[in-house]
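K.L.:
Quick one, my_file38.csv (CSV, C-alpha atoms):
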```
chain,number,residue,atom,x,y,z
Z,1,MET,CA,0.0,0.0,0.0
Z,2,PHE,CA,3.0,2.3,0.6
Z,3,LYS,CA,4.1,1.8,-3.0
Z,4,ILE,CA,0.6,2.7,-4.2
Z,5,LEU,CA,0.6,5.9,-2.1
Z,6,ILE,CA,3.9,7.0,-3.6
Z,7,LEU,CA,2.7,6.2,-7.1
Z,8,ASN,CA,-0.4,8.3,-6.6
Z,9,ILE,CA,1.5,11.3,-5.3
Z,10,PHE,CA,4.0,11.0,-8.2
Z,11,VAL,CA,1.2,10.8,-10.8
Z,12,PHE,CA,-0.6,13.8,-9.3
Z,13,PHE,CA,2.5,16.1,-9.3
Z,14,ILE,CA,3.5,15.1,-12.8
Z,15,LEU,CA,0.0,15.9,-14.1
Z,16,ASN,CA,-0.5,19.1,-12.2
Z,17,PHE,CA,2.8,20.7,-13.0
Z,18,SER,CA,1.9,20.4,-16.6
Z,19,TYR,CA,-1.4,22.2,-16.2
Z,20,ALA,CA,-0.3,25.8,-15.9
Z,21,GLU,CA,1.4,27.7,-18.7
Z,22,ILE,CA,2.1,31.4,-18.7
Z,23,SER,CA,2.0,33.9,-21.5
Z,24,TYR,CA,1.5,37.7,-21.6
Z,25,VAL,CA,-1.1,39.5,-23.6
Z,26,ASP,CA,-1.3,43.3,-24.3
Z,27,VAL,CA,-4.9,44.5,-24.1
Z,28,LYS,CA,-6.7,47.8,-24.1
Z,29,ALA,CA,-9.4,48.6,-21.5
Z,30,LYS,CA,-11.5,51.4,-20.3
Z,31,GLY,CA,-13.0,52.4,-17.0
Z,32,LYS,CA,-15.7,55.0,-16.2
Z,33,SER,CA,-16.9,56.3,-12.9
Z,34,GLU,CA,-17.5,59.4,-10.8
Z,35,THR,CA,-14.0,59.2,-9.3
Z,36,TYR,CA,-10.6,58.7,-10.9
Z,37,GLU,CA,-9.6,55.9,-8.5
Z,38,VAL,CA,-12.7,53.8,-9.3
Z,39,SER,CA,-12.3,54.4,-13.0
Z,40,LEU,CA,-8.8,53.1,-12.9
Z,41,LYS,CA,-9.9,50.0,-10.9
Z,42,LYS,CA,-12.6,49.3,-13.5
Z,43,ALA,CA,-10.1,49.6,-16.4
Z,44,LEU,CA,-7.7,47.1,-14.7
Z,45,LYS,CA,-10.5,44.7,-14.0
Z,46,GLU,CA,-11.7,44.9,-17.6
Z,47,ALA,CA,-8.2,44.2,-18.8
Z,48,ILE,CA,-8.0,41.0,-16.7
Z,49,THR,CA,-11.4,39.7,-17.5
Z,50,LYS,CA,-10.8,40.3,-21.3
Z,51,VAL,CA,-7.8,38.0,-21.2
Z,52,ASN,CA,-8.9,35.3,-18.7
Z,53,GLY,CA,-12.7,35.6,-18.3
Z,54,VAL,CA,-14.3,35.4,-14.9
Z,55,THR,CA,-12.6,32.6,-12.9
Z,56,LEU,CA,-11.7,31.9,-9.3
Z,57,LYS,CA,-8.3,33.4,-10.0
Z,58,THR,CA,-9.5,36.6,-11.7
Z,59,GLU,CA,-12.0,37.2,-8.9
Z,60,SER,CA,-9.2,36.9,-6.4
Z,61,VAL,CA,-7.0,39.4,-8.3
Z,62,LEU,CA,-9.9,41.8,-8.7
Z,63,GLU,CA,-10.5,41.7,-4.9
Z,64,ILE,CA,-6.7,42.4,-4.4
Z,65,ILE,CA,-6.9,45.5,-6.7
Z,66,ASP,CA,-9.9,46.8,-4.7
Z,67,LYS,CA,-8.0,46.6,-1.5
Z,68,SER,CA,-4.6,47.8,-2.7
Z,69,LEU,CA,-5.2,50.5,-5.2
Z,70,THR,CA,-5.4,54.0,-3.6
Z,71,THR,CA,-4.1,56.9,-5.6
Z,72,ASN,CA,-5.0,59.8,-3.2
Z,73,GLU,CA,-4.8,62.0,-6.2
Z,74,SER,CA,-7.1,62.7,-9.1
Z,75,SER,CA,-4.6,62.7,-12.0
Z,76,THR,CA,-1.8,60.7,-13.6
Z,77,ALA,CA,0.7,62.5,-11.4
Z,78,SER,CA,0.3,59.8,-8.8
Z,79,LEU,CA,0.5,56.9,-11.3
Z,80,GLY,CA,4.3,56.6,-11.4
Z,81,ARG,CA,6.6,53.7,-11.3
Z,82,ASN,CA,5.8,52.9,-7.6
Z,83,LEU,CA,2.1,52.3,-8.3
Z,84,ASN,CA,2.9,50.2,-11.4
Z,85,GLU,CA,5.1,48.0,-9.3
Z,86,LYS,CA,2.6,47.8,-6.5
Z,87,ILE,CA,-0.2,46.6,-8.8
Z,88,SER,CA,2.2,44.0,-10.3
Z,89,GLU,CA,3.2,42.8,-6.9
Z,90,LYS,CA,-0.2,42.8,-5.3
Z,91,SER,CA,-1.8,41.0,-8.3
Z,92,GLY,CA,0.7,38.2,-8.1
Z,93,GLY,CA,2.1,39.2,-11.5
Z,94,SER,CA,-1.4,38.9,-13.1
Z,95,ILE,CA,-0.9,42.5,-14.3
Z,96,LYS,CA,2.7,42.8,-15.3
Z,97,SER,CA,2.5,46.5,-16.2
Z,98,PHE,CA,0.1,49.1,-17.5
Z,99,GLU,CA,0.1,52.7,-18.9
Z,100,ILE,CA,-2.5,55.4,-19.2
Z,101,LEU,CA,-3.4,56.1,-22.8
Z,102,ASN,CA,-6.0,58.7,-22.3
Z,103,GLU,CA,-8.1,60.3,-19.6
Z,104,TYR,CA,-11.0,62.7,-19.9
Z,105,GLU,CA,-14.4,63.8,-18.5
Z,106,ASP,CA,-17.4,62.7,-20.5
Z,107,PHE,CA,-20.6,64.7,-21.1
Z,108,ASN,CA,-22.1,63.3,-17.9
Z,109,GLY,CA,-19.2,64.5,-15.8
Z,110,LEU,CA,-17.8,60.9,-15.3
Z,111,GLN,CA,-14.1,60.3,-15.3
Z,112,VAL,CA,-13.0,58.0,-18.2
Z,113,ILE,CA,-9.6,56.3,-18.2
Z,114,GLU,CA,-8.2,54.3,-21.1
Z,115,ILE,CA,-5.2,52.0,-20.4
Z,116,ARG,CA,-3.0,49.5,-22.1
Z,117,ALA,CA,-2.1,46.6,-19.8
Z,118,THR,CA,0.2,43.6,-20.1
Z,119,VAL,CA,-1.8,40.7,-18.5
Z,120,ALA,CA,-0.7,37.2,-17.6
Z,121,LYS,CA,-2.8,34.6,-19.5
Z,122,TYR,CA,-3.6,31.4,-17.7
Z,123,LYS,CA,-3.4,28.5,-20.2
Z,124,LEU,CA,-4.0,24.8,-19.8
Z,125,SER,CA,-1.6,22.3,-21.4
Z,126,LYS,CA,-2.9,20.1,-24.1
Z,127,THR,CA,-3.2,17.1,-21.8
Z,128,ALA,CA,-5.4,19.1,-19.4
Z,129,LYS,CA,-7.8,19.9,-22.3
Z,130,ARG,CA,-8.7,16.2,-22.6
Z,131,LYS,CA,-12.0,14.9,-21.2
Z,132,ARG,CA,-11.5,15.0,-17.4
Z,133,MET,CA,-12.5,12.0,-15.4
Z,134,ALA,CA,-12.5,11.5,-11.7
Z,135,ILE,CA,-12.5,8.1,-10.1
Z,136,VAL,CA,-14.5,8.4,-6.9
Z,137,PRO,CA,-13.6,5.9,-4.1
Z,138,PHE,CA,-15.7,2.8,-4.7
Z,139,ARG,CA,-18.1,1.3,-2.3
Z,140,ILE,CA,-17.5,-2.1,-0.8
Z,141,ASN,CA,-20.2,-4.6,0.4
Z,142,LEU,CA,-18.3,-6.2,3.2
Z,143,ASN,CA,-21.2,-8.6,4.0
Z,144,GLU,CA,-20.6,-10.3,0.6
Z,145,ILE,CA,-16.8,-10.9,0.9
Z,146,SER,CA,-15.4,-14.4,1.7
Z,147,ILE,CA,-11.7,-15.1,1.7
Z,148,PHE,CA,-11.0,-18.8,1.7
Z,149,GLY,CA,-14.0,-19.5,4.0
Z,150,LYS,CA,-13.5,-16.5,6.2
Z,151,THR,CA,-16.3,-14.0,6.2
Z,152,GLY,CA,-16.7,-10.6,7.9
Z,153,PHE,CA,-13.8,-8.9,6.1
Z,154,ASP,CA,-13.2,-5.6,7.9
Z,155,ASP,CA,-10.4,-3.9,5.9
Z,156,ALA,CA,-12.6,-2.1,3.3
Z,157,ASP,CA,-10.0,0.8,2.9
Z,158,ASN,CA,-7.3,-1.5,1.5
Z,159,LEU,CA,-9.8,-3.2,-1.0
Z,160,ARG,CA,-11.0,0.2,-2.1
Z,161,LYS,CA,-7.5,1.6,-2.7
Z,162,TYR,CA,-6.4,-1.5,-4.7
Z,163,LEU,CA,-9.5,-1.3,-6.9
Z,164,ASN,CA,-9.3,2.4,-7.4
Z,165,GLN,CA,-5.7,2.3,-8.2
Z,166,GLU,CA,-6.2,-0.4,-10.9
Z,167,PHE,CA,-8.8,1.8,-12.6
Z,168,THR,CA,-6.6,4.9,-12.3
Z,169,ASN,CA,-3.7,3.0,-13.9
Z,170,TYR,CA,-5.8,1.8,-16.8
Z,171,PHE,CA,-7.3,5.1,-17.8
Z,172,VAL,CA,-4.0,7.0,-17.4
Z,173,GLN,CA,-2.4,4.6,-19.9
Z,174,THR,CA,-5.2,5.2,-22.4
Z,175,ARG,CA,-4.0,8.8,-22.8
Z,176,LYS,CA,-7.6,9.8,-23.8
Z,177,PHE,CA,-8.5,11.3,-20.4
Z,178,THR,CA,-7.1,13.7,-17.8
Z,179,ILE,CA,-7.5,11.6,-14.6
Z,180,LEU,CA,-8.2,13.6,-11.5
Z,181,ASP,CA,-7.2,12.1,-8.2
Z,182,ARG,CA,-10.0,12.3,-5.6
Z,183,GLU,CA,-8.3,10.0,-3.0
Z,184,PHE,CA,-6.0,12.8,-1.8
Z,185,ASP,CA,-8.3,15.8,-2.1
Z,186,LYS,CA,-7.6,16.9,1.5
Z,187,GLU,CA,-3.8,16.9,1.0
Z,188,ILE,CA,-4.2,18.7,-2.3
Z,189,SER,CA,-6.4,21.5,-0.8
Z,190,GLU,CA,-3.9,22.0,2.0
Z,191,GLU,CA,-1.0,22.3,-0.4
Z,192,LEU,CA,-2.9,24.9,-2.5
Z,193,MET,CA,-3.6,26.9,0.7
Z,194,ASN,CA,0.1,27.0,1.3
Z,195,LEU,CA,0.5,28.8,-2.0
Z,196,GLU,CA,-1.9,31.6,-1.3
Z,197,ASN,CA,0.8,33.8,0.4
Z,198,SER,CA,3.3,33.2,-2.3
Z,199,GLN,CA,4.3,36.2,-4.4
Z,200,LYS,CA,5.4,34.1,-7.4
Z,201,ILE,CA,3.0,34.2,-10.4
Z,202,GLU,CA,3.6,30.5,-11.0
Z,203,ASP,CA,2.3,29.7,-7.6
Z,204,GLN,CA,-0.7,32.0,-7.9
Z,205,ILE,CA,-1.7,30.5,-11.2
Z,206,LYS,CA,-1.6,27.0,-9.8
Z,207,ILE,CA,-4.4,28.0,-7.3
Z,208,GLY,CA,-6.6,29.0,-10.2
Z,209,GLN,CA,-5.9,25.9,-12.2
Z,210,LYS,CA,-7.6,23.2,-10.2
Z,211,LEU,CA,-9.6,21.1,-12.6
Z,212,PHE,CA,-13.1,19.8,-12.3
Z,213,ALA,CA,-14.3,16.6,-13.9
Z,214,ASP,CA,-16.5,16.1,-16.9
Z,215,TYR,CA,-17.2,12.6,-15.9
Z,216,ILE,CA,-17.0,10.6,-12.6
Z,217,ILE,CA,-16.8,6.9,-12.3
Z,218,VAL,CA,-18.7,5.5,-9.4
Z,219,GLY,CA,-18.9,1.8,-8.5
Z,220,ARG,CA,-19.7,-0.9,-5.9
Z,221,LEU,CA,-18.0,-4.2,-5.2
Z,222,ASP,CA,-21.1,-6.3,-4.7
Z,223,PHE,CA,-19.4,-9.8,-4.2
Z,224,LEU,CA,-15.9,-11.2,-3.8
Z,225,ALA,CA,-15.1,-14.8,-2.9
Z,226,LEU,CA,-11.8,-16.7,-2.9
Z,227,GLU,CA,-12.1,-20.4,-2.4
Z,228,GLU,CA,-10.0,-23.6,-2.6
Z,229,VAL,CA,-11.7,-26.6,-4.1
Z,230,GLU,CA,-10.4,-30.2,-3.6
Z,231,LYS,CA,-11.0,-32.9,-6.2
Z,232,LYS,CA,-10.2,-36.5,-5.5
Z,233,PHE,CA,-9.7,-39.0,-8.3
Z,234,LEU,CA,-11.8,-42.2,-8.0
Z,235,THR,CA,-8.9,-44.4,-9.3
Z,236,SER,CA,-6.3,-43.1,-6.8
Z,237,ASP,CA,-5.8,-41.3,-3.5
Z,238,VAL,CA,-4.5,-38.2,-5.3
Z,239,VAL,CA,-6.2,-35.0,-4.2
Z,240,LEU,CA,-6.0,-32.0,-6.6
Z,241,LYS,CA,-6.4,-28.6,-5.1
Z,242,LYS,CA,-7.5,-25.6,-7.2
Z,243,LYS,CA,-8.1,-22.0,-6.2
Z,244,PHE,CA,-10.9,-20.0,-7.7
Z,245,GLY,CA,-12.0,-16.3,-7.5
Z,246,SER,CA,-15.4,-14.9,-8.1
Z,247,LEU,CA,-16.3,-11.2,-8.3
Z,248,ASN,CA,-19.3,-9.0,-9.1
Z,249,PHE,CA,-18.7,-5.3,-9.7
Z,250,SER,CA,-21.2,-2.7,-10.9
Z,251,TYR,CA,-20.3,0.8,-12.1
Z,252,ARG,CA,-21.6,3.9,-13.7
Z,253,ILE,CA,-20.2,6.8,-15.7
Z,254,ILE,CA,-22.0,10.1,-14.7
Z,255,ASP,CA,-21.9,13.3,-16.6
Z,256,VAL,CA,-21.0,15.9,-13.9
Z,257,PRO,CA,-22.8,19.0,-15.2
Z,258,THR,CA,-26.1,17.3,-15.8
Z,259,GLY,CA,-25.9,14.3,-13.4
Z,260,GLN,CA,-27.0,12.1,-16.3
Z,261,ILE,CA,-25.8,8.4,-16.3
Z,262,LYS,CA,-23.9,8.2,-19.6
Z,263,TYR,CA,-23.0,4.5,-19.3
Z,264,SER,CA,-23.8,1.7,-16.8
Z,265,SER,CA,-22.6,-1.9,-16.7
Z,266,LYS,CA,-21.1,-4.6,-14.5
Z,267,VAL,CA,-18.3,-7.0,-14.4
Z,268,ASN,CA,-18.8,-10.7,-13.4
Z,269,LEU,CA,-15.7,-12.8,-13.1
Z,270,GLU,CA,-15.1,-16.4,-12.2
Z,271,VAL,CA,-11.5,-17.5,-12.9
Z,272,GLU,CA,-9.0,-20.1,-11.8
Z,273,LEU,CA,-6.3,-18.4,-9.8
Z,274,LYS,CA,-3.6,-21.0,-10.5
Z,275,LYS,CA,-0.4,-19.9,-9.0
Z,276,GLN,CA,-1.4,-16.3,-8.2
Z,277,ASN,CA,0.4,-15.2,-5.0
Z,278,GLN,CA,-1.8,-12.0,-4.9
Z,279,PRO,CA,-5.2,-13.1,-5.9
Z,280,ILE,CA,-7.2,-10.0,-4.9
Z,281,PRO,CA,-5.0,-7.5,-6.9
Z,282,TYR,CA,-5.1,-10.0,-9.8
Z,283,LEU,CA,-8.9,-10.0,-9.8
Z,284,PHE,CA,-9.1,-6.2,-9.5
Z,285,ASN,CA,-6.7,-5.8,-12.4
Z,286,LEU,CA,-8.9,-8.0,-14.6
Z,287,THR,CA,-12.0,-6.0,-13.4
Z,288,ALA,CA,-10.4,-2.7,-14.4
Z,289,GLN,CA,-9.3,-4.0,-17.8
Z,290,LYS,CA,-12.8,-5.4,-18.6
Z,291,ALA,CA,-14.7,-2.4,-17.4
Z,292,GLY,CA,-12.2,0.1,-18.8
Z,293,LEU,CA,-12.4,-1.5,-22.2
Z,294,GLU,CA,-16.1,-1.2,-22.3
Z,295,ILE,CA,-16.0,2.4,-21.2
Z,296,MET,CA,-13.3,3.3,-23.8
Z,297,TYR,CA,-15.3,1.8,-26.6
Z,298,ALA,CA,-18.4,3.6,-25.4
Z,299,ILE,CA,-16.7,7.0,-25.3
Z,300,TYR,CA,-13.7,6.7,-27.6
Z,301,PRO,CA,-13.9,3.8,-30.2
Z,302,ILE,CA,-10.4,2.9,-31.4
Z,303,LEU,CA,-10.0,4.7,-34.7
Z,304,VAL,CA,-7.7,3.9,-37.6
Z,305,GLU,CA,-5.5,7.0,-37.9
Z,306,LYS,CA,-3.4,6.0,-40.9
Z,307,ILE,CA,-3.1,3.2,-43.4
Z,308,GLU,CA,0.1,2.2,-45.2
Z,309,ASP,CA,0.2,-0.8,-47.5
Z,310,ASP,CA,-1.4,-3.5,-45.3
Z,311,LEU,CA,-0.7,-1.8,-42.0
Z,312,LEU,CA,-3.2,0.0,-39.8
Z,313,TYR,CA,-2.0,2.6,-37.3
Z,314,LEU,CA,-4.5,2.7,-34.5
Z,315,GLY,CA,-5.0,5.7,-32.1
Z,316,GLN,CA,-4.7,3.6,-29.0
Z,317,GLY,CA,-1.8,1.8,-27.3
Z,318,GLY,CA,-0.8,0.9,-23.7
Z,319,ASN,CA,-1.4,-2.3,-21.9
Z,320,GLN,CA,-5.0,-2.6,-23.3
Z,321,ILE,CA,-3.7,-3.8,-26.7
Z,322,LYS,CA,-1.3,-6.7,-26.9
Z,323,VAL,CA,0.6,-8.2,-29.8
Z,324,GLY,CA,-1.4,-11.0,-31.3
Z,325,ASP,CA,-4.9,-9.5,-30.4
Z,326,MET,CA,-7.4,-9.9,-33.2
Z,327,PHE,CA,-9.6,-7.0,-34.3
Z,328,ALA,CA,-12.5,-6.6,-36.8
Z,329,ILE,CA,-12.3,-3.5,-39.0
Z,330,TYR,CA,-15.5,-1.4,-39.2
Z,331,GLU,CA,-16.4,1.3,-41.7
Z,332,ARG,CA,-18.5,4.0,-40.2
Z,333,THR,CA,-21.1,5.0,-42.8
Z,334,ASP,CA,-23.1,8.3,-43.1
Z,335,SER,CA,-26.4,6.4,-42.6
Z,336,LYS,CA,-27.9,7.1,-39.2
Z,337,ILE,CA,-30.2,5.1,-37.0
Z,338,LYS,CA,-33.0,7.0,-35.1
Z,339,ASP,CA,-35.1,5.9,-32.2
Z,340,SER,CA,-38.7,5.9,-33.4
Z,341,TYR,CA,-40.0,6.9,-29.9
Z,342,THR,CA,-37.7,9.7,-28.9
Z,343,GLY,CA,-36.4,10.8,-32.3
Z,344,GLU,CA,-32.8,10.6,-30.9
Z,345,THR,CA,-30.0,9.5,-33.1
Z,346,LEU,CA,-28.7,6.2,-31.9
Z,347,GLY,CA,-25.6,6.2,-34.1
Z,348,ASN,CA,-24.3,5.5,-37.5
Z,349,ILE,CA,-24.5,2.1,-39.3
Z,350,GLU,CA,-21.2,0.3,-39.1
Z,351,LYS,CA,-20.1,-2.4,-41.6
Z,352,ILE,CA,-17.4,-5.0,-41.1
Z,353,VAL,CA,-14.9,-4.6,-43.9
Z,354,GLY,CA,-12.0,-6.7,-42.7
Z,355,ASN,CA,-9.9,-8.2,-40.0
Z,356,ALA,CA,-6.5,-7.3,-38.6
Z,357,ILE,CA,-4.0,-8.6,-36.0
Z,358,ILE,CA,-1.8,-6.5,-33.7
Z,359,ILE,CA,1.9,-6.7,-34.5
Z,360,ASP,CA,3.3,-3.8,-32.4
Z,361,SER,CA,2.1,-1.7,-29.6
Z,362,ASN,CA,3.5,1.2,-27.5
Z,363,SER,CA,2.2,3.8,-25.1
Z,364,LYS,CA,0.6,6.1,-27.7
Z,365,PHE,CA,-0.5,3.9,-30.7
Z,366,SER,CA,-0.4,0.4,-32.0
Z,367,VAL,CA,0.1,-1.2,-35.4
Z,368,ALA,CA,-2.1,-3.9,-36.9
Z,369,GLN,CA,-1.6,-6.0,-40.0
Z,370,ILE,CA,-4.6,-6.5,-42.3
Z,371,SER,CA,-5.3,-10.2,-42.6
Z,372,GLU,CA,-8.5,-9.8,-44.6
Z,373,GLN,CA,-10.3,-6.9,-46.4
Z,374,LYS,CA,-13.4,-6.7,-48.6
Z,375,TYR,CA,-12.0,-3.9,-50.7
Z,376,ASP,CA,-8.9,-1.7,-50.9
Z,377,LEU,CA,-9.2,0.3,-47.6
Z,378,ILE,CA,-6.2,2.6,-48.3
Z,379,GLY,CA,-7.9,4.0,-51.4
Z,380,ASP,CA,-11.0,4.9,-49.4
Z,381,PHE,CA,-9.3,6.1,-46.3
Z,382,LYS,CA,-10.2,9.4,-44.5
Z,383,PRO,CA,-10.0,10.4,-40.8
Z,384,ARG,CA,-12.6,8.9,-38.5
Z,385,LYS,CA,-14.0,6.6,-41.2
Z,386,PHE,CA,-12.6,3.3,-39.9
Z,387,MET,CA,-12.5,1.8,-36.5
Z,388,VAL,CA,-11.6,-1.5,-34.9
Z,389,LYS,CA,-13.3,-3.7,-32.3
Z,390,PRO,CA,-11.8,-6.8,-30.6
Z,391,ILE,CA,-12.9,-10.2,-31.9
Z,392,LYS,CA,-14.2,-12.1,-29.0
Z,393,LYS,CA,-12.6,-15.5,-28.7
Z,394,VAL,CA,-15.1,-18.2,-28.6
Z,395,LYS,CA,-14.1,-20.9,-26.1
Z,396,LYS,CA,-14.6,-24.4,-27.4
Z,397,ASN,CA,-16.8,-26.5,-25.3
Z,398,LYS,CA,-14.5,-29.3,-24.3
Z,399,SER,CA,-16.9,-30.9,-21.9
Z,400,SER,CA,-18.9,-32.5,-24.8
Z,401,GLY,CA,-15.8,-34.1,-26.2
Z,402,LYS,CA,-14.7,-35.4,-22.7
Z,403,THR,CA,-18.2,-36.8,-22.2
Z,404,LYS,CA,-18.1,-38.7,-25.5
Z,405,LYS,CA,-14.7,-40.2,-24.7
Z,406,LYS,CA,-15.8,-41.2,-21.2
Z,407,LYS,CA,-18.9,-42.8,-22.6
Z,408,LYS,CA,-16.9,-44.7,-25.2
Z,409,ALA,CA,-14.5,-46.0,-22.5
Z,410,ILE,CA,-17.4,-47.2,-20.4
Z,411,ASP,CA,-19.0,-48.9,-23.4
Z,412,GLN,CA,-15.8,-50.7,-24.1
Z,413,GLU,CA,-15.4,-51.8,-20.5
Z,414,TRP,CA,-19.0,-53.0,-20.4
```
Please render this file's structure as structure tokens.
P.N.:
Amino acid sequence: MFKILILNIFVFFILNFSYAEISYVDVKAKGKSETYEVSLKKALKEAITKVNGVTLKTESVLEIIDKSLTTNESSTASLGRNLNEKISEKSGGSIKSFEILNEYEDFNGLQVIEIRATVAKYKLSKTAKRKRMAIVPFRINLNEISIFGKTGFDDADNLRKYLNQEFTNYFVQTRKFTILDREFDKEISEELMNLENSQKIEDQIKIGQKLFADYIIVGRLDFLALEEVEKKFLTSDVVLKKKFGSLNFSYRIIDVPTGQIKYSSKVNLEVELKKQNQPIPYLFNLTAQKAGLEIMYAIYPILVEKIEDDLLYLGQGGNQIKVGDMFAIYERTDSKIKDSYTGETLGNIEKIVGNAIIIDSNSKFSVAQISEQKYDLIGDFKPRKFMVKPIKKVKKNKSSGKTKKKKKAIDQEW
């Protein structure tokens, strides 16, 4: 668990240090009021909001300007170098500098001030512009957990951390989402509070860059059982012991702004553990892979980004795609399907146009070789037209064959 904690902290800092980027923008602004001081404040506020809009950070800077800007004069005589430096310092560098372009009194007797200000622009990195997803700590039904005959499992926190970490690892590797860590919200908030008194613009920008999720994943571990089964052969005293694991996990993807459930499903596992020394992490890893794959295909189908000769370059890599995996190639047509009751578009018609096998995979993309195609795909290629879906391997029913052999042996003996 200590290793998992360190990994979480490492991932958080790597992601968050890449969020804030600084650039400076020159902008003109105007303020109008009954007094010179208020007019200047309004001009500075307008300059900031023109560049960055109204955010938590800009509201903080505007409040600082209200408290710190006092001219005690009614002309530009007081607006020298000292005030310029004061504004830059008090705004945390949000306003690097400014100059008065014009000042006059309008027909209504109001003071009008026009300025040019150099304002720090708060930008997000490209990675932070991805769909943002938060994995909320999952719920655990402790009454339905049995570990090799022992019930009443009381360490829900460890189970929750293992399961959440497997989901975090999976979605980080997809490189399609910005994953927000909700397990250490308290520690993150405390660290941001420590930055509030900093005079560095980089630290001030970090405060305004806390991201909020587009989607959250919620889930519940409904059932978990590990058991050891003994099988004794009738023809000898040999006892064969096998370990099995069973798991039921239900989950939902919720759209944060609307609260709408975008996707809902569950994972049911029943696998032989064989020589697994850590059966619970193994089961949780399988759960994250199965649920993650379904979520990915629901939100981001794997697209063919490029075709060269008989090779497909897919816009997905990571541990989800392995060399030797078989995929069907689909063509996304322009023909749409509509729900007759609601009138909603259910999607476009997709046609299978070939098969491919993965021959190479890295963190960002993978390469598949076309094994079958109904027509020349490269001649008809364009972005977002082709996608791939895994071919489910159909397990052969060996029981029927074994039954026939056993019946034949009995007949011969009889």
K.L.:
Counting only C-alpha atoms, note down every residue that has an atom within 6 Å of the point (-10.0, -18.4, 0.9) (file coordinates), as a PDB file with C-alpha atoms, in the frame of the given file.
P.N.:
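The resulting file, part.pdb, is shown below:
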```pdb
ATOM      1  CA  ILE Z 147     -11.700 -15.100   1.700  1.00  0.00           C
ATOM      2  CA  PHE Z 148     -11.000 -18.800   1.700  1.00  0.00           C
ATOM      3  CA  GLY Z 149     -14.000 -19.500   4.000  1.00  0.00           C
ATOM      4  CA  LEU Z 226     -11.800 -16.700  -2.900  1.00  0.00           C
ATOM      5  CA  GLU Z 227     -12.100 -20.400  -2.400  1.00  0.00           C
TER       6      GLU Z 227
END
```
K.L.:
Mind checking which residues fall within 7 Å of Arg220 of chain Z, counting all atoms listed in the file, ignoring those fewer than 4 positions away in the same chain, and posting them as a PyMOL selection string?
P.N.:
chain Z and resi 138-140+249-251
K.L.:
Would you pick out the contacts of segment 47-51 of chain Z at 7 Å or less, using all atoms listed in the file, so that residues sharing its chain but fewer than 3 positions from it are not included, and give the list as a list in words?
P.N.:
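Everything that qualifies: Val27, Lys28, Ala29, Ala43, Leu44, Val54, Thr58, Ala117, Val119 and Lys121 of chain Z.
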K.L.:
To one decimal in Å, tell me the separation between atom CA of Leu303 of chain Z and atom CA of Ile359 of chain Z.
P.N.:
16.5 Å
K.L.:
For a cutoff of 10 Å around the file-coordinate point (-18.7, -1.9, 1.8), which residues qualify once you count all atoms listed in the file? I'd like the result as a list of chain:residue names.
P.N.:
Z:Phe138, Z:Arg139, Z:Ile140, Z:Asn141, Z:Leu142, Z:Asn143, Z:Glu144, Z:Ile145, Z:Phe153, Z:Asp154, Z:Asp155, Z:Ala156, Z:Asp157, Z:Leu159, Z:Arg160, Z:Arg220, Z:Leu221, Z:Asp222, Z:Phe223
K.L.:
I'd like the contact shell of Thr168 of chain Z - 9 Å cut-off, all atoms listed in the file, skipping same-chain residues fewer than 4 positions apart - returned as number ranges by chain.
P.N.:
Z: 134-135, 163-164, 172-173, 179-181, 288
K.L.:
So what do you get for atom CA of Lys42 of chain Z versus atom CA of Asp26 of chain Z, distance-wise?
P.N.:
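Computed distance, atom CA of Lys42 of chain Z to atom CA of Asp26 of chain Z, equals 16.7 Å.
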K.L.:
Within 9 Å of Lys274 of chain Z, counting all atoms listed in the file, which residues show up once you throw out same-chain ones fewer than 3 positions away? Write them as a ChimeraX atom specification, please.
P.N.:
/Z:242-244,271,277
K.L.:
With only C-alpha atoms as the atoms that count, which of Z:Gly109, Z:Asn248, Z:Ile115, Z:Tyr24 lies nearest to Leu40 of chain Z?
P.N.:
Z:Ile115
K.L.:
Have a look at Z:Lys382, Z:Lys290, Z:Lys374, Z:Lys389 and name the one nearest to Ile329 of chain Z; count all atoms listed in the file.
P.N.:
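Smallest separation from Ile329 of chain Z among the options: Z:Lys389.
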K.L.:
From the set Z:Leu110, Z:Val388, Z:Ile280, Z:Val256, which residue has the shortest atom-to-atom contact distance to Ala368 of chain Z, counting only C-alpha atoms?
P.N.:
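Looking at the shortest contact to Ala368 of chain Z, the residue is Z:Val388.
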